[in-house]
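Undergrad: Below are the structure tokens for one structure; questions will follow.
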Amino acid sequence: MTCRLTDLRRKEVISIKDGTRLGTVCDAELDSQNACLTAIVIYGKPHFFGLFGREEDIVISWKEIRIIGEDTILVEHEHRYRPKKKKNFLALLFGES
């Protein structure tokens with residue numbers, strides 16, 4: 001199966017370790033000396049429409065990629081998920097913890 005870089009950009013990336021959806025491929029790293037693909041990059045999620053930056057990018061090395069399918073890429077990558085703490089709006093106003 002041959003694939004172009006533009007086709008990779010549309011594919012979902014899913015971790016086979018825990019089944020989480022990591023995102024879609026946004027970029028790729030190439031080794032210009034050996035002319036080979038070394039990693040795929042998933043951009044971090046934006047904070048408040050991108051005005052406050054974004055989370056860290058996820059870089060998945062070529063060795064971690066297990067299967068490239070029609071719509072998805074299965075990877076053996078363990079992404080450290082940090083659950084967001086939900087804050088009470090009233091607690092923020094009155095300074096309560």
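Residue numbering restarts at 1 in every chain; chains get A, B, ... in the order shown in the structure tokens, and ligands count up from 1 in that same order.
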If we count only C-alpha atoms and set the cut-off at 12 Å, which residues sit around Val75 of chain A, ignoring sequence neighbours fewer than 3 positions away in its own chain? Please answer as number ranges by chain.

TA: A: 12-23, 25, 39-40, 58-69, 72, 78-79

Undergrad: Expressed in Å to a single decimal, how great is the separation between atom CA of Asp71 of chain A and atom CA of Ala35 of chain A?

TA: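 Result for atom CA of Asp71 of chain A versus atom CA of Ala35 of chain A: 24.9 Å, one decimal.
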